[in-house]
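**Student:** Have a look at this one.
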Amino acid sequence: MQTSPPPEINRDVIGKTDSDINIQMPVFYVSAGLLLLFVIVTLIFPFETNAILTGIRDRALGSMDWLLALAPIIAFISCLLIIVSPLGSIRLGLPDEKPEFSFLSWISMLFAAGVGVGYVLYGAAEPLTFYAGWSGTPFNIPAETAQAERLAMSATLFHWTLMPWSVYAIMGLCLAFFSYNKGFPLAIRSAFYPIFGRHIWGWIGHTIDSCAVISTTFGLATSIGLGAIQVTSGISYLAGTQSTLSTQILLISGITAIAVGSIWRGMDKGIKFLSNLNVTIAFGLLSYVILFGTGFEIILISLKNIKNLFLDSLPLMNWFNRTDLPFFHSWTIFYWSWWISWSPFVGIFIAYISRGRTVREYLLTVLIAPFFIGVLWFSSFGQTAITQYKEKILVNEGEFSDFTLILFNMLANLPFPTFTSVITLLLLIIFITTSADSGALVIENMAAGHKTKSPLGWRMFWTLMFGITSSALLFGGGKQALKALQSGAIIAALPFTLILIVSCLSLILGLRDEYYLTLANKKHENKT
């Protein structure tokens with residue numbers, strides 16, 4: 001099947017000046033219009049909107065949970081098939097092209113791309129919540145038992161390591177391959193050329209890219225909302241005040257204003273500096289928790305958790321006849337929805353930094369490096385929290401709405417608690433700010449004709465949309481703000497789940513044709 005772009009689509013359409021920009025009218029106006037309509041309706045009818053979102057979410061979980069559960073598995077299997085096949089030898093870009101970034105810099109950027117707020121928010125909270133059974137346990141295992149402790153770590157790592165990064169890896173590889181090897185724009189629609197051909201430049205392509213924009217916006221809004229809840233909870237914990245919806249929305253407004261201001265002032269270098277600062281602070285915090293929490297036992301703990309993860313993964317993947325449906329829907333399916341809705345953003349980011357790598361090197365690194373980082377992070381934070389809980393020195397009321405305080409409760413039992421809590425708050429704020437700014441750049445790329453430059457106002461507009469959408473979800477959810485964020489992520493992920501699954505097939509077809517074309521060229525060169 002021919003995967004070369006039509007003659008009028010070529011690399012020379014990339015990188016035009018501002019005066020040459022042609023805004024993708026259907027993508028921009030459809031996605032922006034639908035998002036603004038959602039925000040307006042939510043602000044006018046918050047309770048009714050929340051009820052509708054909850055109803056749609058419940059119906060989707062009742063009839064479509066199998067699809068959301070299946071998508072990451074398909075992505076993971078696709079990654080494995082490509083790795084072990086000859087297709088893995090294909091290079092992203094020209095045959096002799098060299099990577100732009102060093103291997104260590106590449107891994108550091110991968111860490112910053114797909115984790116951030118979630119690692120800080122859930123690092124200690126999720127394993128302890130599963131162990132204590134505050135919101136259910138995997139397979140309804142009795143809480144606070146040895147088996148509950150094992151499954152708490154296995155389920156957490158299952159949610160945060162190979163499965164999500166398989167989704168990111170496939171989406172990033174689709175974008176990188178069809179852009180760098182075939183000359184298509186760096187857009188989700190490009191991955192569908194082997195299936196739809198020239199129709200991707202019409203309404204089919206506009207629909208695909210619009211779904212990607214809306215999905216990414218809700219994915220980023222979920223991260224911003226969750227981060228804001230934890231930041232305000234942490235501030236309230238340190239100051240002895242109470243976290244409210246008003247303070248959460250006020251914080252989101254402030255962070256959005258900072259992100260918009262950085263765009264207006266052209267502080268790209270500053271944002272890059274903050275991204276590097278994120279990674280430095282995060283690994284400093286990780287080292288601190290290992291030193292004063294698990295200690296040198298972290299190596300044995302991590303190895304044990306890896307072994308248990310591979311033993312428990314198949315049961316955790318299964319969606320048939322689950323006896324723990326509330327847990328499965330509230331945690332696993334929510335996470336799969338979050339990763340899928342987040343995948344266009346992370347995929348484009350990974351594609352940006354991966355040119356010059358072979359497909360096999362790309363997949364192995366994108367899967368394995370974050371896997372070991374995730375194991376180390378959740379093993380250290382999670383085991384420290386569980387140990388403190390078992391020793392009766394970490395106390396939490398156990399309500400799902402209070403899980404944002406678990407990290408601060410844990411740090412309170414380690415040396416220098418105030419300092420580390422403040423550092424954690426700073427880390428969260430920087431993660432949220434850089435996510436909003438870089439997310440706006442990615443969405444602007446999808447909605448503004450896929451050029452490398454576009455009017456400054458468009459990027460500022462999308463940054464504002466993240467803050468407004470996140471605030472609208474929190475406002476509509478009220479006291480059930482976390483569930484509102486979950487509903488938004490699940491609903492937004494459903495249409496993009498189909499896009500992800502078809503992308504796996506399209507990618508394999510494209511790589512297959514590229515491999516055979518390479519073989520034919522080599523045979524021709526040998527004959528001559």
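Labels used: A, B, ... for chains in the order of the structure tokens, numbers from 1 for residues in each chain, and numbers from 1 for ligands as shown.
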I'd like the neighbourhood of Ile423 of chain A as a ChimeraX atom specification, where a residue qualifies if any of its atoms comes within 10 Å (using only C-alpha atoms), though same-chain residues fewer than 4 positions away should be ignored.
**Tutor:** /A:281-282,284-285,417-419,427-429
**Student:** Neighbours of segment 335-352 of chain A within 9 Å (only C-alpha atoms; same-chain residues fewer than 4 positions away dropped), as an mmCIF file with N, CA, C and O atoms, in the first residue's frame?
**Tutor:**
```
data_model
loop_
_atom_site.group_PDB
_atom_site.id
_atom_site.type_symbol
_atom_site.label_atom_id
_atom_site.label_comp_id
_atom_site.auth_asym_id
_atom_site.auth_seq_id
_atom_site.Cartn_x
_atom_site.Cartn_y
_atom_site.Cartn_z
ATOM 1 N N LEU A 68 -12.155 0.665 26.228
ATOM 2 C CA LEU A 68 -11.113 1.435 26.891
ATOM 3 C C LEU A 68 -10.059 0.510 27.510
ATOM 4 O O LEU A 68 -8.880 0.849 27.552
ATOM 5 N N ALA A 69 -10.490 -0.663 28.001
ATOM 6 C CA ALA A 69 -9.542 -1.616 28.570
ATOM 7 C C ALA A 69 -8.685 -2.270 27.497
ATOM 8 O O ALA A 69 -7.515 -2.625 27.740
ATOM 9 N N ALA A 71 -7.760 -0.975 24.425
ATOM 10 C CA ALA A 71 -6.889 -0.099 23.637
ATOM 11 C C ALA A 71 -5.426 -0.117 24.084
ATOM 12 O O ALA A 71 -4.524 -0.282 23.237
ATOM 13 N N PRO A 72 -5.119 0.043 25.376
ATOM 14 C CA PRO A 72 -3.697 -0.016 25.771
ATOM 15 C C PRO A 72 -3.058 -1.375 25.515
ATOM 16 O O PRO A 72 -1.857 -1.446 25.234
ATOM 17 N N MET A 109 13.933 14.233 28.922
ATOM 18 C CA MET A 109 12.756 14.867 28.338
ATOM 19 C C MET A 109 11.569 13.914 28.302
ATOM 20 O O MET A 109 10.420 14.334 28.452
ATOM 21 N N LEU A 110 11.836 12.620 28.113
ATOM 22 C CA LEU A 110 10.757 11.639 28.158
ATOM 23 C C LEU A 110 10.107 11.627 29.536
ATOM 24 O O LEU A 110 8.885 11.551 29.663
ATOM 25 N N ALA A 113 7.816 14.476 29.949
ATOM 26 C CA ALA A 113 6.686 14.540 29.021
ATOM 27 C C ALA A 113 5.425 13.902 29.578
ATOM 28 O O ALA A 113 4.344 14.483 29.516
ATOM 29 N N GLY A 114 5.527 12.690 30.096
ATOM 30 C CA GLY A 114 4.313 11.936 30.370
ATOM 31 C C GLY A 114 3.944 11.770 31.815
ATOM 32 O O GLY A 114 3.021 11.028 32.133
ATOM 33 N N HIS A 159 -0.836 0.719 36.343
ATOM 34 C CA HIS A 159 -1.474 1.944 35.860
ATOM 35 C C HIS A 159 -0.477 2.961 35.305
ATOM 36 O O HIS A 159 -0.859 3.798 34.487
ATOM 37 N N TRP A 160 0.789 2.914 35.763
ATOM 38 C CA TRP A 160 1.701 4.022 35.490
ATOM 39 C C TRP A 160 2.936 3.660 34.665
ATOM 40 O O TRP A 160 3.736 4.571 34.374
ATOM 41 N N MET A 163 1.758 0.143 30.329
ATOM 42 C CA MET A 163 0.512 0.381 29.600
ATOM 43 C C MET A 163 0.395 1.825 29.093
ATOM 44 O O MET A 163 0.178 2.052 27.902
ATOM 45 N N PRO A 164 0.527 2.820 29.963
ATOM 46 C CA PRO A 164 0.420 4.188 29.438
ATOM 47 C C PRO A 164 1.516 4.533 28.444
ATOM 48 O O PRO A 164 1.255 5.200 27.431
ATOM 49 N N TRP A 165 2.725 4.062 28.696
ATOM 50 C CA TRP A 165 3.814 4.412 27.787
ATOM 51 C C TRP A 165 3.700 3.679 26.461
ATOM 52 O O TRP A 165 4.259 4.133 25.453
ATOM 53 N N VAL A 167 0.786 3.429 24.945
ATOM 54 C CA VAL A 167 -0.111 4.364 24.248
ATOM 55 C C VAL A 167 0.679 5.557 23.726
ATOM 56 O O VAL A 167 0.541 5.963 22.564
ATOM 57 N N TYR A 168 1.524 6.141 24.586
ATOM 58 C CA TYR A 168 2.336 7.278 24.166
ATOM 59 C C TYR A 168 3.286 6.893 23.033
ATOM 60 O O TYR A 168 3.476 7.647 22.066
ATOM 61 N N ALA A 169 3.905 5.712 23.167
ATOM 62 C CA ALA A 169 4.904 5.297 22.191
ATOM 63 C C ALA A 169 4.297 5.117 20.806
ATOM 64 O O ALA A 169 4.869 5.559 19.796
ATOM 65 N N ILE A 170 3.144 4.472 20.746
ATOM 66 C CA ILE A 170 2.496 4.244 19.453
ATOM 67 C C ILE A 170 2.095 5.573 18.810
ATOM 68 O O ILE A 170 2.333 5.807 17.619
ATOM 69 N N MET A 171 1.486 6.462 19.588
ATOM 70 C CA MET A 171 1.049 7.730 19.025
ATOM 71 C C MET A 171 2.242 8.562 18.568
ATOM 72 O O MET A 171 2.232 9.165 17.488
ATOM 73 N N GLY A 172 3.303 8.598 19.382
ATOM 74 C CA GLY A 172 4.494 9.345 18.993
ATOM 75 C C GLY A 172 5.165 8.761 17.766
ATOM 76 O O GLY A 172 5.640 9.489 16.889
ATOM 77 N N LEU A 173 5.209 7.426 17.675
ATOM 78 C CA LEU A 173 5.841 6.777 16.529
ATOM 79 C C LEU A 173 5.043 7.030 15.253
ATOM 80 O O LEU A 173 5.628 7.245 14.179
ATOM 81 N N CYS A 174 3.726 6.975 15.342
ATOM 82 C CA CYS A 174 2.878 7.298 14.180
ATOM 83 C C CYS A 174 3.210 8.680 13.641
ATOM 84 O O CYS A 174 3.438 8.876 12.442
ATOM 85 N N LEU A 175 3.242 9.647 14.539
ATOM 86 C CA LEU A 175 3.490 11.034 14.136
ATOM 87 C C LEU A 175 4.899 11.197 13.578
ATOM 88 O O LEU A 175 5.095 11.842 12.537
ATOM 89 N N ALA A 176 5.895 10.620 14.263
ATOM 90 C CA ALA A 176 7.278 10.768 13.821
ATOM 91 C C ALA A 176 7.509 10.099 12.469
ATOM 92 O O ALA A 176 8.135 10.685 11.575
ATOM 93 N N PHE A 177 7.004 8.883 12.297
ATOM 94 C CA PHE A 177 7.250 8.146 11.061
ATOM 95 C C PHE A 177 6.621 8.832 9.855
ATOM 96 O O PHE A 177 7.280 9.058 8.839
ATOM 97 N N SER A 179 5.680 11.846 9.527
ATOM 98 C CA SER A 179 6.215 13.181 9.300
ATOM 99 C C SER A 179 7.639 13.136 8.759
ATOM 100 O O SER A 179 7.940 13.708 7.713
ATOM 101 N N LEU A 186 3.071 17.130 10.928
ATOM 102 C CA LEU A 186 3.099 16.461 12.228
ATOM 103 C C LEU A 186 1.711 16.575 12.846
ATOM 104 O O LEU A 186 1.469 17.364 13.755
ATOM 105 N N ALA A 187 0.789 15.749 12.342
ATOM 106 C CA ALA A 187 -0.616 15.809 12.751
ATOM 107 C C ALA A 187 -1.175 14.398 12.825
ATOM 108 O O ALA A 187 -0.708 13.488 12.141
ATOM 109 N N ILE A 188 -2.197 14.229 13.659
ATOM 110 C CA ILE A 188 -2.780 12.898 13.856
ATOM 111 C C ILE A 188 -3.346 12.358 12.554
ATOM 112 O O ILE A 188 -3.232 11.159 12.258
ATOM 113 N N ALA A 212 -8.612 15.023 18.310
ATOM 114 C CA ALA A 212 -7.330 15.092 19.010
ATOM 115 C C ALA A 212 -7.223 16.361 19.844
ATOM 116 O O ALA A 212 -6.751 16.334 20.984
ATOM 117 N N VAL A 213 -7.668 17.488 19.284
ATOM 118 C CA VAL A 213 -7.606 18.762 20.008
ATOM 119 C C VAL A 213 -8.494 18.719 21.246
ATOM 120 O O VAL A 213 -8.084 19.101 22.348
ATOM 121 N N ILE A 214 -9.735 18.250 21.077
ATOM 122 C CA ILE A 214 -10.674 18.198 22.207
ATOM 123 C C ILE A 214 -10.181 17.206 23.260
ATOM 124 O O ILE A 214 -10.211 17.490 24.466
ATOM 125 N N SER A 215 -9.709 16.047 22.807
ATOM 126 C CA SER A 215 -9.215 15.033 23.736
ATOM 127 C C SER A 215 -8.032 15.560 24.537
ATOM 128 O O SER A 215 -7.968 15.411 25.762
ATOM 129 N N THR A 216 -7.092 16.212 23.849
ATOM 130 C CA THR A 216 -5.920 16.753 24.527
ATOM 131 C C THR A 216 -6.301 17.835 25.518
ATOM 132 O O THR A 216 -5.742 17.916 26.622
ATOM 133 N N THR A 217 -7.255 18.679 25.148
ATOM 134 C CA THR A 217 -7.681 19.749 26.042
ATOM 135 C C THR A 217 -8.254 19.189 27.334
ATOM 136 O O THR A 217 -7.925 19.655 28.431
ATOM 137 N N PHE A 218 -9.101 18.174 27.226
ATOM 138 C CA PHE A 218 -9.665 17.575 28.436
ATOM 139 C C PHE A 218 -8.596 16.815 29.225
ATOM 140 O O PHE A 218 -8.633 16.794 30.464
ATOM 141 N N GLY A 219 -7.641 16.179 28.536
ATOM 142 C CA GLY A 219 -6.560 15.512 29.247
ATOM 143 C C GLY A 219 -5.710 16.485 30.035
ATOM 144 O O GLY A 219 -5.382 16.253 31.208
ATOM 145 N N LEU A 220 -5.354 17.612 29.408
ATOM 146 C CA LEU A 220 -4.588 18.638 30.104
ATOM 147 C C LEU A 220 -5.410 19.289 31.213
ATOM 148 O O LEU A 220 -4.893 19.576 32.294
ATOM 149 N N THR A 222 -7.690 17.887 32.958
ATOM 150 C CA THR A 222 -7.717 16.940 34.078
ATOM 151 C C THR A 222 -6.453 17.053 34.910
ATOM 152 O O THR A 222 -6.500 17.105 36.144
ATOM 153 N N SER A 223 -5.295 17.102 34.247
ATOM 154 C CA SER A 223 -4.026 17.218 34.967
ATOM 155 C C SER A 223 -3.945 18.537 35.735
ATOM 156 O O SER A 223 -3.504 18.572 36.891
ATOM 157 N N SER A 330 -13.265 3.184 38.533
ATOM 158 C CA SER A 330 -12.784 4.423 39.141
ATOM 159 C C SER A 330 -11.290 4.625 38.963
ATOM 160 O O SER A 330 -10.821 5.766 38.910
ATOM 161 N N TRP A 331 -10.556 3.531 38.848
ATOM 162 C CA TRP A 331 -9.108 3.657 38.763
ATOM 163 C C TRP A 331 -8.574 3.251 37.386
ATOM 164 O O TRP A 331 -8.095 4.104 36.636
ATOM 165 N N VAL A 366 11.445 4.313 24.952
ATOM 166 C CA VAL A 366 10.211 4.945 25.425
ATOM 167 C C VAL A 366 9.450 4.020 26.374
ATOM 168 O O VAL A 366 8.738 4.490 27.267
ATOM 169 N N SER A 438 3.401 24.246 27.131
ATOM 170 C CA SER A 438 3.800 23.318 26.073
ATOM 171 C C SER A 438 2.584 22.669 25.419
ATOM 172 O O SER A 438 2.581 22.395 24.217
ATOM 173 N N GLY A 439 1.521 22.435 26.206
ATOM 174 C CA GLY A 439 0.296 21.890 25.634
ATOM 175 C C GLY A 439 -0.328 22.830 24.629
ATOM 176 O O GLY A 439 -0.853 22.408 23.590
ATOM 177 N N VAL A 442 1.478 22.506 21.339
ATOM 178 C CA VAL A 442 1.117 21.295 20.608
ATOM 179 C C VAL A 442 -0.253 21.442 19.954
ATOM 180 O O VAL A 442 -0.436 21.116 18.772
ATOM 181 N N ILE A 443 -1.239 21.941 20.705
ATOM 182 C CA ILE A 443 -2.585 22.081 20.149
ATOM 183 C C ILE A 443 -2.608 23.140 19.053
ATOM 184 O O ILE A 443 -3.290 22.976 18.032
ATOM 185 N N GLN A 486 -12.790 13.103 36.299
ATOM 186 C CA GLN A 486 -12.805 11.754 35.745
ATOM 187 C C GLN A 486 -13.803 11.644 34.598
ATOM 188 O O GLN A 486 -13.509 11.065 33.544
ATOM 189 N N ALA A 489 -12.486 13.287 31.412
ATOM 190 C CA ALA A 489 -11.427 12.510 30.758
ATOM 191 C C ALA A 489 -11.984 11.279 30.056
ATOM 192 O O ALA A 489 -11.598 10.972 28.922
ATOM 193 N N ILE A 490 -12.905 10.568 30.707
ATOM 194 C CA ILE A 490 -13.465 9.343 30.122
ATOM 195 C C ILE A 490 -14.272 9.657 28.863
ATOM 196 O O ILE A 490 -14.130 8.988 27.831
ATOM 197 N N ILE A 491 -15.111 10.673 28.935
ATOM 198 C CA ILE A 491 -15.957 11.019 27.784
ATOM 199 C C ILE A 491 -15.108 11.484 26.608
ATOM 200 O O ILE A 491 -15.338 11.111 25.453
ATOM 201 N N ALA A 492 -14.093 12.319 26.895
ATOM 202 C CA ALA A 492 -13.239 12.833 25.815
ATOM 203 C C ALA A 492 -12.401 11.732 25.187
ATOM 204 O O ALA A 492 -12.060 11.791 23.997
ATOM 205 N N ALA A 493 -12.059 10.708 25.970
ATOM 206 C CA ALA A 493 -11.187 9.644 25.464
ATOM 207 C C ALA A 493 -11.909 8.664 24.551
ATOM 208 O O ALA A 493 -11.267 8.022 23.708
ATOM 209 N N LEU A 494 -13.215 8.526 24.695
ATOM 210 C CA LEU A 494 -13.937 7.492 23.941
ATOM 211 C C LEU A 494 -13.742 7.594 22.426
ATOM 212 O O LEU A 494 -13.347 6.603 21.792
ATOM 213 N N PHE A 496 -11.429 9.132 20.774
ATOM 214 C CA PHE A 496 -10.021 9.018 20.418
ATOM 215 C C PHE A 496 -9.494 7.599 20.621
ATOM 216 O O PHE A 496 -8.465 7.234 20.049
ATOM 217 N N THR A 497 -10.187 6.798 21.408
ATOM 218 C CA THR A 497 -9.786 5.406 21.577
ATOM 219 C C THR A 497 -9.825 4.670 20.240
ATOM 220 O O THR A 497 -8.922 3.884 19.911
ATOM 221 N N LEU A 500 -6.877 5.721 18.211
ATOM 222 C CA LEU A 500 -5.652 5.067 18.670
ATOM 223 C C LEU A 500 -5.551 3.651 18.115
ATOM 224 O O LEU A 500 -4.477 3.233 17.630
#
```
**Student:** Near segment 501-518 of chain A, counting only C-alpha atoms, which residues have an atom at most 7 Å away, once you skip same-chain residues fewer than 3 positions from it, shown as number ranges by chain?
**Tutor:** A: 1, 3, 71, 74-75, 78, 87, 90, 170, 174, 191-192, 194-195, 497-498, 521-522
**Student:** Those residues with N, CA and C atoms, as an mmCIF file, in the first residue's frame please?
**Tutor:**
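Result file result_22.cif:
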```
data_model
loop_
_atom_site.group_PDB
_atom_site.id
_atom_site.type_symbol
_atom_site.label_atom_id
_atom_site.label_comp_id
_atom_site.auth_asym_id
_atom_site.auth_seq_id
_atom_site.Cartn_x
_atom_site.Cartn_y
_atom_site.Cartn_z
ATOM 1 N N MET A 1 0.845 -1.191 0.000
ATOM 2 C CA MET A 1 0.000 0.000 0.000
ATOM 3 C C MET A 1 0.878 1.238 0.000
ATOM 4 N N THR A 3 2.220 4.782 0.808
ATOM 5 C CA THR A 3 2.063 5.699 1.927
ATOM 6 C C THR A 3 2.742 7.040 1.678
ATOM 7 N N ALA A 71 -7.760 -0.975 24.425
ATOM 8 C CA ALA A 71 -6.889 -0.099 23.637
ATOM 9 C C ALA A 71 -5.426 -0.117 24.084
ATOM 10 N N ILE A 74 -3.782 -3.379 22.982
ATOM 11 C CA ILE A 74 -3.473 -3.392 21.549
ATOM 12 C C ILE A 74 -2.214 -2.572 21.271
ATOM 13 N N ALA A 75 -2.105 -1.426 21.926
ATOM 14 C CA ALA A 75 -0.922 -0.578 21.753
ATOM 15 C C ALA A 75 0.341 -1.303 22.214
ATOM 16 N N SER A 78 1.237 -4.113 19.802
ATOM 17 C CA SER A 78 1.774 -3.508 18.571
ATOM 18 C C SER A 78 3.239 -3.120 18.764
ATOM 19 N N LEU A 87 10.820 -4.505 11.023
ATOM 20 C CA LEU A 87 10.375 -3.124 10.920
ATOM 21 C C LEU A 87 11.105 -2.212 11.906
ATOM 22 N N ILE A 90 14.014 0.385 10.814
ATOM 23 C CA ILE A 90 13.761 1.630 10.090
ATOM 24 C C ILE A 90 14.171 2.815 10.961
ATOM 25 N N ILE A 170 3.144 4.472 20.746
ATOM 26 C CA ILE A 170 2.496 4.244 19.453
ATOM 27 C C ILE A 170 2.095 5.573 18.810
ATOM 28 N N CYS A 174 3.726 6.975 15.342
ATOM 29 C CA CYS A 174 2.878 7.298 14.180
ATOM 30 C C CYS A 174 3.210 8.680 13.641
ATOM 31 N N ALA A 191 -1.292 9.943 10.129
ATOM 32 C CA ALA A 191 -1.137 8.510 10.374
ATOM 33 C C ALA A 191 -2.180 7.670 9.657
ATOM 34 N N PHE A 192 -3.227 8.308 9.131
ATOM 35 C CA PHE A 192 -4.326 7.568 8.520
ATOM 36 C C PHE A 192 -4.249 7.538 6.992
ATOM 37 N N PRO A 194 -2.395 5.631 5.007
ATOM 38 C CA PRO A 194 -2.447 4.288 4.430
ATOM 39 C C PRO A 194 -3.854 3.707 4.349
ATOM 40 N N ILE A 195 -4.780 4.211 5.161
ATOM 41 C CA ILE A 195 -6.143 3.678 5.181
ATOM 42 C C ILE A 195 -7.095 4.540 4.359
ATOM 43 N N THR A 497 -10.187 6.798 21.408
ATOM 44 C CA THR A 497 -9.786 5.406 21.577
ATOM 45 C C THR A 497 -9.825 4.670 20.240
ATOM 46 N N LEU A 498 -10.869 4.911 19.463
ATOM 47 C CA LEU A 498 -10.963 4.298 18.129
ATOM 48 C C LEU A 498 -9.835 4.784 17.233
ATOM 49 N N ASN A 521 15.218 -0.743 -2.820
ATOM 50 C CA ASN A 521 16.261 0.229 -3.159
ATOM 51 C C ASN A 521 17.652 -0.381 -2.995
ATOM 52 N N LYS A 522 17.835 -1.179 -1.936
ATOM 53 C CA LYS A 522 19.131 -1.818 -1.711
ATOM 54 C C LYS A 522 19.442 -2.813 -2.821
#
```
**Student:** If you measure from atom CA of Ile44 of chain A to atom CA of Leu473 of chain A, what distance in Å do you get, rounded to one decimal?
**Tutor:**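 About the pair atom CA of Ile44 of chain A and atom CA of Leu473 of chain A: they are 12.5 Å apart.
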**Student:** Which residues are close to Trp66 of chain A, i.e. within 10 Å by only C-alpha atoms, leaving aside same-chain residues fewer than 5 positions away? Reply as a list in words.
**Tutor:**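 Near neighbours after the sequence-gap exclusion: Ala60, Leu61, Ala71, Asn318, Trp319, Phe320 and Ile333 of chain A.
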**Student:** Store the residues of this selection in a file with N, CA and C atoms, as a compact mmCIF listing (two decimals), in the first residue's frame.
**Tutor:**
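New file part38.txt:
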```
# COMPACT_ATOMS: atom_id res chain seq x y z
N ALA A 60 -21.20 4.94 29.51
CA ALA A 60 -19.99 4.54 28.78
C ALA A 60 -19.26 3.42 29.52
N LEU A 61 -19.17 3.55 30.83
CA LEU A 61 -18.49 2.52 31.61
C LEU A 61 -19.27 1.21 31.60
N ALA A 71 -7.76 -0.98 24.43
CA ALA A 71 -6.89 -0.10 23.64
C ALA A 71 -5.43 -0.12 24.08
N ASN A 318 -7.61 -8.06 32.64
CA ASN A 318 -8.89 -8.70 32.33
C ASN A 318 -10.08 -7.81 32.70
N TRP A 319 -11.06 -7.69 31.81
CA TRP A 319 -12.27 -6.92 32.09
C TRP A 319 -13.52 -7.82 32.16
N PHE A 320 -13.34 -9.15 31.98
CA PHE A 320 -14.47 -10.06 32.02
C PHE A 320 -14.82 -10.42 33.47
N ILE A 333 -9.93 2.20 34.42
CA ILE A 333 -10.53 2.79 33.23
C ILE A 333 -10.33 4.31 33.21
```
**Student:** For each of A:Ile255, A:Leu238, A:Ile499, A:Leu309, take the minimum atom-to-atom distance to Thr207 of chain A, counting only C-alpha atoms, then give the residue where this is smallest.
**Tutor:** A:Ile499
**Student:** Residues of segment 309-508 of chain A classed as alpha helix (DSSP H) by DSSP on the backbone are to be reported as number ranges by chain.
**Tutor:** A: 309-317, 325-327, 334-353, 359-390, 406-411, 417-447, 456-477, 481-508
**Student:** Calculated over only C-alpha atoms, which of the candidates A:Ile468, A:Leu394, A:Ile290, A:Leu250 has the smallest distance to Phe408 of chain A?
**Tutor:**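 Counting only C-alpha atoms, the residue closest to Phe408 of chain A is A:Leu394.
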**Student:** Residues at most 10 Å from Ala124 of chain A, counting only C-alpha atoms, excluding those fewer than 2 positions away in the same chain, as a PyMOL selection string?
**Tutor:** chain A and resi 119-122+126-129+377-386+403-411
**Student:** Near Ile208 of chain A, counting only C-alpha atoms, which residues have an atom at most 6 Å away, once you skip same-chain residues fewer than 3 positions from it, shown as a list in words?
**Tutor:**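 Within the cut-off, the hits are Arg189, Gly205 and Cys211 of chain A.
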**Student:** Just the selected residues (C-alpha atoms), exported as a PDB file, in the first residue's frame, please.
**Tutor:**
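Generated output (result.pdb):
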```pdb
ATOM      1  CA  ARG A 189      -4.533  12.759  10.473  1.00  0.00           C
ATOM      2  CA  GLY A 205      -8.890  14.445   8.551  1.00  0.00           C
ATOM      3  CA  CYS A 211     -11.032  14.867  18.188  1.00  0.00           C
TER       4      CYS A 211
END
```
